[in-house]
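The structure appears below as C-alpha cells.
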Amino acid sequence: MRVILTGGGTGGHVYPALSIGEVIPSAFPGQQHEFLYIGVRGRIEAAVVPRRGMPLKFVRAVGYPGMGNPAKAAHFVGNLAAGTARALQLLRSFRPDLIIATGGYVSAPTVLAQVMLRRLGLSHARTFLHEQNAVPGQLNRRFGRFADVIGITFNETRAAFPRNKTVRVGYPVRDTIGQADREQARCERGINPGDLMVLVFGGSLGSRSINHGLISALPAILEHPQIKVLHATGNTVLPDYHSIEDSQRRFEALGLAPERASRYCAVDYLHEIDKDYAAADLVVCRAGAGTLYEIARCGLPGVIIPRAGLPADHQVVNARAFQLASGAEVIYETVERGGQTVNSETLAETVVRLAENPGLRASIGQAARQFAGFSARQRIAQVLQALMAGNMSQVATELNSSDGNGNHHREDRFTIAGYDGLIRRLERLGAPGGLAGIPQADLHFLHYRTDVYLASADWQARNAGVKLAGLTNYHERIPRLMALLDDSRGFIRRNVFKALEQIDTAAPPVPDMIRRGLQDSYFEVRAWAAGTVTQLAPRLPDSGAFIPLLERLARERNFEVRQAALIALASLTVDGERLLPLLRENYYHPNCRIREAVISILGLLCQRGALPADTVRSELNQILITSNDFLPHFELKRRLSELDSVLRAKR
Amino acid sequence: MIPWICKALLSRYPDLSFLRLADYITSRAIFAAVASFLLMLAIGRPVINWLYRRGVRDEIREYGLLPAWAKKGTPTMGGILIMGVGLLMSLLWCKLNAFVLLTALAGAYFGLVGMYDDLLKKRGGSSDAGLSRSAKYALQFGFGLGFAALLLHPATSPLPAGLRTTLQVPFFKEFAFELSWLYVPFVMIMVSYAANAVNLADGLDGLAIVPAFFVIIVYGVFAYIFGNKILAQYFLFPYLSGSGELAVLCAGLLGTCVGFLWFNAYPAEVFMGDSGSLFLGGTIGALILLLKQEVLFFIVGGVFLAEIVSDVLQDWIGIKLLGRRILFRAPIHHTYQYRGIAETKVVVRFWIIAAILALVGIASLKIR
C-alpha cells in the first residue's frame, strides 16, 4: 500500500501523523508499504521525519492570516497555489492509495490537490483527516467535508464535521505510556511510599509562565510535608530567557530551608516520561491534546494550565472539554497586555487541596481513564481497515455508538462562543444577578476570556471585555477598567461605567474613576458617569466632592448629560433648597426630557423630605407643561393582552 | 396602452371624439392619478389582510405579550401594493417610450430586490435575516452599470447625444459639466444613493412616502416642461422629446403614494418594507437620471439626504471608526424622537421641510 502522510508546522501535528503511519503495517499485514511525508521546508517535520527514516518532500504553504489584510491574504493564496501545484505533481508521481492528513496549514496543499484529482477522476486514494484539538483548525474545518473519514479526539468537535463521516479515534499516544511499573519507577526516583509526587511540565519546550508560577508557588506547596515536586523546565534559550538558569536563579532566591529544598527537583527534559507518569500522583501540565490523552491513559489527576492565545484558543477549549469529561482542575493564565502569567497562589492552593484529598484525586484519575478508555491506535487501525475495505459507515456507526455518541458531556454554553455570543448568553441569564446559577468552572473561564478581550489590540474586543467584566461581576479587574478610561474609543470609556454599575461597588478607585468620567470629552461618558453616581450615591465616600462637577454638567447644552447630571445631583442632595435654583433654570427648557427629569426630581426630593410639599406644589406651577411625547395606546392590543391573561389563568 | 386603444377606437368610430382626451398628457396625467388612487383604495384592504394572513408581519412574536403601545406585528411589505399599482398605471396610461420603459425597469428591479429582502426577513424571523450589506450593494451597483449602458447606448437612450454624459447644475443657466466616462460610476452611485436614501427614511409612519410624493411632483413638472418644445424653450432647458410621458407616470405614482398614505398614516396599518422603499428609490433614481436633474435631487430630496448623511456619519464614521456616537441616534429622525419629540410631530415636520424643498426645486425652473 502506498501512503502519504502530511501535516506539520508544530510537533502537535507531526507526531500523530507519524504514529498513524506506525499503525499501518500492523493494520494491513502481508502487504508492502511505501510511505511519503509531505511537509514544509524549515518546519519541525524537516528535522523529525528524516530521523524516522521516512522519505520527505516539501511543498510551499503559509498559515492562514485571515482575509483582513489584502497583502497577507494574497501572499497566502499565492503560496497555497504554488504548494498545490507541487502537491499535484507529487500525488501524480507517487500514486497513493491512502492519504493521512493531520492538519496544520502544512497539509492544505496536499488535501486541496487530492480534492482536485478526485473530482477529475484521476485519483482513487482515500483520505483520512485527523483533528487533534477540541476546536478544529481552519484547514480541517474547511476541508473536513472532502475527506472520507475524520478522526476526532474530543466529542465536542463533532458539530464541525459531517456526522456520518466522523469517528472519535482519540489521540495516538506512544505505546509505552501507561505501561511502566509504578513501584519500580518510584523506587528509581527515590519516592517513598508515603510521598506524594507532583509532576510539573509545560510541553516539550517548557513554559515560561508555568516555570515562574510554579517556583513562586513552591514555598506554599512544599509546606505540605509529603509533597515532592519534579519540575521539567524545558530547554529554552532565548536572548531574554534561559529556562534552566532562570528557574534555578528564582529557586535559589526563595531561600528555602534545606529540607524543603530537597523535595524539589528540576530537570530540563523528561527523558522517560512514561516512568515519570507511572511514579506521579498529580500532574501539572499544558492542554495539548497529546498531553491530555497521556495523563488520561495513565489515569492521573491533572491540574491543567492551558496556554492562552493560541489559534482559536485551542488549548483552552481542549482543557474545557477535558475538564467536563474528567473533572480535572483547570487554571487559566492571567492575560495582560505584556503576556501571560500563572497565578502562583491559585496554583499552590489547587495543588495542596488535591494533595490533601486522595479521594478526589482518585475520582478525577478514574474519570480521566474513562475519557480515554480505548486504544487510539487500535481504533485508527480499525477505521483505516474499514476505509480501505469500503464498509466505513458501518464501522463508524458501531464506534460512535460504543462511544455513547458523546452523551457524557453536558451542553457547554460558553466555550466556543465569540464575545458577542458570550454577552448575549450572559444577558439572557440575567447576569450579573443571574450568575449564581452557573458553575465556578464556567465563571473562571468567563473571567479568563474577559482578560483576553481586555488585553486585545482590537478595540471592539476590548469593548466586549469591558461589558463582560461587568456582566461577570469581575471586581478584580477594576484597576484594568480604570486604565481603560484612557482608551481612545468613547464606547469603551462609556461602558466602563456600565460595568461599574453592574459590579456595584463604591470602593476606591471607583470614586476617582467617576471623577474622571465626569470630565470626559465624550458626552456619553459624562452622562453615564453621572448615572453611576446616581446608583452608588448612598455608598460613595465624600460624595460632596462630586457636586461642583455635576453642577457644571447640569448646565451643559447636551440634554443627555444635563438630564443625568440633574438626577445625580438630586441623589446626592440632602438640602433641596440648594438644588432649587439649578432646577428653576430648566423650568422652560425647550427639551421636554429635561422638564420630565425636573418633575421626577421634585417628586424624589419631596418624598425624601428634602423639600416641603408646599414648596414643591408652588414650584410645579412655574414649570412649562406641554404635550410632547406620548406612548400610544392601541385599545385592540390591550384587550388582546387581557384575553391572553384570561387564557393563561385557564391553563 | 390606453392612448393606443383610444386611437384605435377613434379611427373606427370617429364620433367618440371625447376619446381625443387621451392624446393630451395633462388629461391622462389626471386620469392616471385618480385611477391609481382609487385602485389603491379598492385593493388596499384585501392585500393588507392577505399579507397579515400570510404572516408577513413586522417582528411577530406572541401577540398576547405585546404591550398596548407596541406597533410590532403590523403587516409589512406593503411595497407590493405600491409597486403593483404604480407599474400597472404607468404601463396603462403612458405611451410606452424609452423614458417610461427605463423608469419602469429600474422601479421593478429595485422593487423585486426589496421583495426578496423582505421575504428573507420574514423567513428568518428577524430584521437581521435580510440580504447582506455586500449583496445589496452588488445588486445595486450591478444594476447601475447596466442602466448606465442603456442610458449611453444610442439604440436605447432617449436622450439627445450631446446631453447624455453631462451634469446639469440647478440655478445656473450655462453651467454643465461634461463627465464623459465618469458618468458610468456616477449613474451607479446615484441609483444606489436614491434607493438607499428612501430605504433609510422608511423608519416612521409616513416618513418615506410623503417626501417621495413631493420629489415625484417636482420631477413630474420638470418632465412635462422638458417634453414640451415651447415650454422647454421658454425656460431655456434642452427639449427632451417624449419625456412628457414621464409626467403621466409621475402622476400615476402620486395617486399611488396618496393611496398608500391612506393606510400608512400614523398609526400605520401597513409598512411599505424594503419592497416599497426600494421601488420608490429606484424609480426616483431613474427619473433624476433620465431628466438630467441629478443635482437637484440633493435639494428636493433634502430629507433623504439628511437621513443618509446622518446614518453614514453615525454608523460608519462614529460607531465603526471612532468608536463613539456623533449624533444621539441615527438616522436623524430617531434623534428627534430620542429628544422627546413625538413620532407624529417628527413626521409632520419632515413633511413640511420636504414641501418647502419641493417649492425650492420648482423655483429652480425659473430662477437661473
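Naming scheme: A, B, ... for chains in displayed order of the C-alpha cells; residues 1 onward per chain; ligands 1 onward as shown.
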As a PDB file with N, CA, C and O atoms, in the first residue's frame, could you give me every residue of chain B near chain A (at most 10 Å apart, counting only C-alpha atoms)?
ATOM      1  N   GLU B  62     -45.231  36.534  20.237  1.00  0.00           N
ATOM      2  CA  GLU B  62     -46.546  36.124  20.692  1.00  0.00           C
ATOM      3  C   GLU B  62     -47.433  37.347  20.874  1.00  0.00           C
ATOM      4  O   GLU B  62     -47.044  38.308  21.530  1.00  0.00           O
ATOM      5  N   TYR B  63     -48.605  37.306  20.316  1.00  0.00           N
ATOM      6  CA  TYR B  63     -49.419  38.508  20.302  1.00  0.00           C
ATOM      7  C   TYR B  63     -49.874  38.959  21.675  1.00  0.00           C
ATOM      8  O   TYR B  63     -49.886  40.145  21.987  1.00  0.00           O
ATOM      9  N   GLY B  64     -50.217  38.004  22.484  1.00  0.00           N
ATOM     10  CA  GLY B  64     -50.741  38.367  23.795  1.00  0.00           C
ATOM     11  C   GLY B  64     -49.729  39.108  24.647  1.00  0.00           C
ATOM     12  O   GLY B  64     -50.088  39.831  25.569  1.00  0.00           O
ATOM     13  N   LEU B  65     -48.457  38.918  24.332  1.00  0.00           N
ATOM     14  CA  LEU B  65     -47.427  39.535  25.156  1.00  0.00           C
ATOM     15  C   LEU B  65     -47.126  40.962  24.723  1.00  0.00           C
ATOM     16  O   LEU B  65     -46.358  41.663  25.358  1.00  0.00           O
ATOM     17  N   LEU B  66     -47.708  41.408  23.608  1.00  0.00           N
ATOM     18  CA  LEU B  66     -47.420  42.753  23.132  1.00  0.00           C
ATOM     19  C   LEU B  66     -48.036  43.779  24.072  1.00  0.00           C
ATOM     20  O   LEU B  66     -49.194  43.666  24.442  1.00  0.00           O
ATOM     21  N   PRO B  67     -47.264  44.794  24.445  1.00  0.00           N
ATOM     22  CA  PRO B  67     -47.870  45.866  25.223  1.00  0.00           C
ATOM     23  C   PRO B  67     -48.815  46.678  24.334  1.00  0.00           C
ATOM     24  O   PRO B  67     -48.718  46.641  23.113  1.00  0.00           O
ATOM     25  N   ALA B  68     -49.704  47.412  24.982  1.00  0.00           N
ATOM     26  CA  ALA B  68     -50.751  48.104  24.228  1.00  0.00           C
ATOM     27  C   ALA B  68     -50.185  49.221  23.367  1.00  0.00           C
ATOM     28  O   ALA B  68     -50.861  49.732  22.492  1.00  0.00           O
ATOM     29  N   TRP B  69     -48.921  49.632  23.633  1.00  0.00           N
ATOM     30  CA  TRP B  69     -48.375  50.724  22.835  1.00  0.00           C
ATOM     31  C   TRP B  69     -47.505  50.242  21.677  1.00  0.00           C
ATOM     32  O   TRP B  69     -46.991  51.021  20.905  1.00  0.00           O
ATOM     33  N   ALA B  70     -47.343  48.941  21.544  1.00  0.00           N
ATOM     34  CA  ALA B  70     -46.375  48.435  20.566  1.00  0.00           C
ATOM     35  C   ALA B  70     -46.958  48.404  19.164  1.00  0.00           C
ATOM     36  O   ALA B  70     -48.103  48.035  18.965  1.00  0.00           O
ATOM     37  N   LYS B  71     -46.121  48.802  18.188  1.00  0.00           N
ATOM     38  CA  LYS B  71     -46.563  48.734  16.796  1.00  0.00           C
ATOM     39  C   LYS B  71     -46.156  47.418  16.165  1.00  0.00           C
ATOM     40  O   LYS B  71     -46.509  47.140  15.029  1.00  0.00           O
ATOM     41  N   PRO B 267     -51.570  55.851  13.124  1.00  0.00           N
ATOM     42  CA  PRO B 267     -50.718  54.654  13.263  1.00  0.00           C
ATOM     43  C   PRO B 267     -50.901  53.707  12.081  1.00  0.00           C
ATOM     44  O   PRO B 267     -52.027  53.385  11.738  1.00  0.00           O
ATOM     45  N   GLY B 318     -18.708  57.273  13.041  1.00  0.00           N
ATOM     46  CA  GLY B 318     -18.773  57.257  14.502  1.00  0.00           C
ATOM     47  C   GLY B 318     -18.552  55.872  15.080  1.00  0.00           C
ATOM     48  O   GLY B 318     -17.506  55.582  15.661  1.00  0.00           O
ATOM     49  N   ILE B 319     -19.541  54.989  14.883  1.00  0.00           N
ATOM     50  CA  ILE B 319     -19.537  53.725  15.609  1.00  0.00           C
ATOM     51  C   ILE B 319     -18.417  52.803  15.128  1.00  0.00           C
ATOM     52  O   ILE B 319     -17.695  52.213  15.927  1.00  0.00           O
ATOM     53  N   LYS B 320     -18.240  52.701  13.797  1.00  0.00           N
ATOM     54  CA  LYS B 320     -17.248  51.734  13.309  1.00  0.00           C
ATOM     55  C   LYS B 320     -15.822  52.258  13.437  1.00  0.00           C
ATOM     56  O   LYS B 320     -14.915  51.519  13.770  1.00  0.00           O
ATOM     57  N   LEU B 321     -15.632  53.547  13.118  1.00  0.00           N
ATOM     58  CA  LEU B 321     -14.267  54.066  13.037  1.00  0.00           C
ATOM     59  C   LEU B 321     -13.806  54.675  14.363  1.00  0.00           C
ATOM     60  O   LEU B 321     -12.764  54.314  14.897  1.00  0.00           O
ATOM     61  N   LEU B 322     -14.586  55.599  14.884  1.00  0.00           N
ATOM     62  CA  LEU B 322     -14.143  56.320  16.080  1.00  0.00           C
ATOM     63  C   LEU B 322     -14.548  55.620  17.365  1.00  0.00           C
ATOM     64  O   LEU B 322     -14.013  55.907  18.426  1.00  0.00           O
ATOM     65  N   GLY B 323     -15.505  54.708  17.275  1.00  0.00           N
ATOM     66  CA  GLY B 323     -15.949  54.024  18.486  1.00  0.00           C
ATOM     67  C   GLY B 323     -16.716  54.932  19.426  1.00  0.00           C
ATOM     68  O   GLY B 323     -16.541  54.860  20.639  1.00  0.00           O
ATOM     69  N   ARG B 324     -17.532  55.817  18.893  1.00  0.00           N
ATOM     70  CA  ARG B 324     -18.391  56.660  19.729  1.00  0.00           C
ATOM     71  C   ARG B 324     -19.556  57.149  18.891  1.00  0.00           C
ATOM     72  O   ARG B 324     -19.546  57.041  17.672  1.00  0.00           O
ATOM     73  N   ARG B 325     -20.551  57.691  19.576  1.00  0.00           N
ATOM     74  CA  ARG B 325     -21.666  58.277  18.841  1.00  0.00           C
ATOM     75  C   ARG B 325     -21.329  59.700  18.485  1.00  0.00           C
ATOM     76  O   ARG B 325     -20.674  60.406  19.240  1.00  0.00           O
ATOM     77  N   ILE B 326     -21.812  60.133  17.320  1.00  0.00           N
ATOM     78  CA  ILE B 326     -21.650  61.531  16.941  1.00  0.00           C
ATOM     79  C   ILE B 326     -22.981  62.242  17.137  1.00  0.00           C
ATOM     80  O   ILE B 326     -23.036  63.345  17.671  1.00  0.00           O
ATOM     81  N   PHE B 328     -27.136  61.716  18.649  1.00  0.00           N
ATOM     82  CA  PHE B 328     -27.756  60.896  19.688  1.00  0.00           C
ATOM     83  C   PHE B 328     -28.174  59.550  19.119  1.00  0.00           C
ATOM     84  O   PHE B 328     -27.863  58.516  19.671  1.00  0.00           O
ATOM     85  N   GLN B 337     -36.792  61.824  17.927  1.00  0.00           N
ATOM     86  CA  GLN B 337     -37.623  61.019  18.821  1.00  0.00           C
ATOM     87  C   GLN B 337     -36.963  60.857  20.180  1.00  0.00           C
ATOM     88  O   GLN B 337     -37.604  60.962  21.215  1.00  0.00           O
ATOM     89  N   TYR B 338     -35.652  60.621  20.131  1.00  0.00           N
ATOM     90  CA  TYR B 338     -34.907  60.412  21.370  1.00  0.00           C
ATOM     91  C   TYR B 338     -34.973  61.650  22.242  1.00  0.00           C
ATOM     92  O   TYR B 338     -34.947  61.572  23.464  1.00  0.00           O
ATOM     93  N   ARG B 339     -35.026  62.815  21.590  1.00  0.00           N
ATOM     94  CA  ARG B 339     -35.087  64.051  22.355  1.00  0.00           C
ATOM     95  C   ARG B 339     -36.494  64.361  22.836  1.00  0.00           C
ATOM     96  O   ARG B 339     -36.753  65.450  23.354  1.00  0.00           O
ATOM     97  N   GLY B 340     -37.388  63.430  22.654  1.00  0.00           N
ATOM     98  CA  GLY B 340     -38.702  63.585  23.262  1.00  0.00           C
ATOM     99  C   GLY B 340     -39.741  64.213  22.363  1.00  0.00           C
ATOM    100  O   GLY B 340     -40.759  64.701  22.852  1.00  0.00           O
ATOM    101  N   ILE B 341     -39.477  64.256  21.065  1.00  0.00           N
ATOM    102  CA  ILE B 341     -40.495  64.769  20.161  1.00  0.00           C
ATOM    103  C   ILE B 341     -41.287  63.581  19.643  1.00  0.00           C
ATOM    104  O   ILE B 341     -40.720  62.589  19.198  1.00  0.00           O
ATOM    105  N   ALA B 342     -42.603  63.684  19.722  1.00  0.00           N
ATOM    106  CA  ALA B 342     -43.435  62.534  19.376  1.00  0.00           C
ATOM    107  C   ALA B 342     -43.287  62.198  17.897  1.00  0.00           C
ATOM    108  O   ALA B 342     -43.030  63.063  17.064  1.00  0.00           O
ATOM    109  N   GLU B 343     -43.484  60.928  17.606  1.00  0.00           N
ATOM    110  CA  GLU B 343     -43.318  60.424  16.244  1.00  0.00           C
ATOM    111  C   GLU B 343     -44.129  61.239  15.244  1.00  0.00           C
ATOM    112  O   GLU B 343     -43.621  61.661  14.202  1.00  0.00           O
ATOM    113  N   THR B 344     -45.389  61.478  15.571  1.00  0.00           N
ATOM    114  CA  THR B 344     -46.259  62.185  14.622  1.00  0.00           C
ATOM    115  C   THR B 344     -45.701  63.568  14.314  1.00  0.00           C
ATOM    116  O   THR B 344     -45.720  64.025  13.180  1.00  0.00           O
ATOM    117  N   LYS B 345     -45.189  64.226  15.350  1.00  0.00           N
ATOM    118  CA  LYS B 345     -44.668  65.576  15.150  1.00  0.00           C
ATOM    119  C   LYS B 345     -43.399  65.555  14.308  1.00  0.00           C
ATOM    120  O   LYS B 345     -43.227  66.378  13.409  1.00  0.00           O
TER     121      LYS B 345
END
Q: Write out as a ChimeraX atom specification the residues lying within 9 Å of Gly44 (chain B), counting only C-alpha atoms and excluding same-chain residues fewer than 5 positions away.
A: /B:39,49,78,81,259-260,263
Q) So which bits of region 27-264 of chain B end up helix (DSSP H, G or I) when you DSSP the backbone, as a count of residues only? A) 162
Q. Gly103 (chain A): which residues within 8 Å, counting only C-alpha atoms, same-chain residues fewer than 2 positions away excluded, as a list in words?
A. Thr6, Gly7, Gly8, His13, Ala101, Tyr105, Val106, Ser107, Ala108, Leu129, His130, Glu131, Gly137, Leu139 and Asn140 of chain A
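Comparing A:Pro109, A:Gly30, A:Gly373, A:Pro50 by their smallest distance to Asn79 (chain A), the closest is A:Pro109 (using only C-alpha atoms).
Closest approach to Ser375 (chain A) from the set A:Arg119, A:Glu501, A:Tyr293, A:Thr102 is made by A:Tyr293, with distances taken over only C-alpha atoms.
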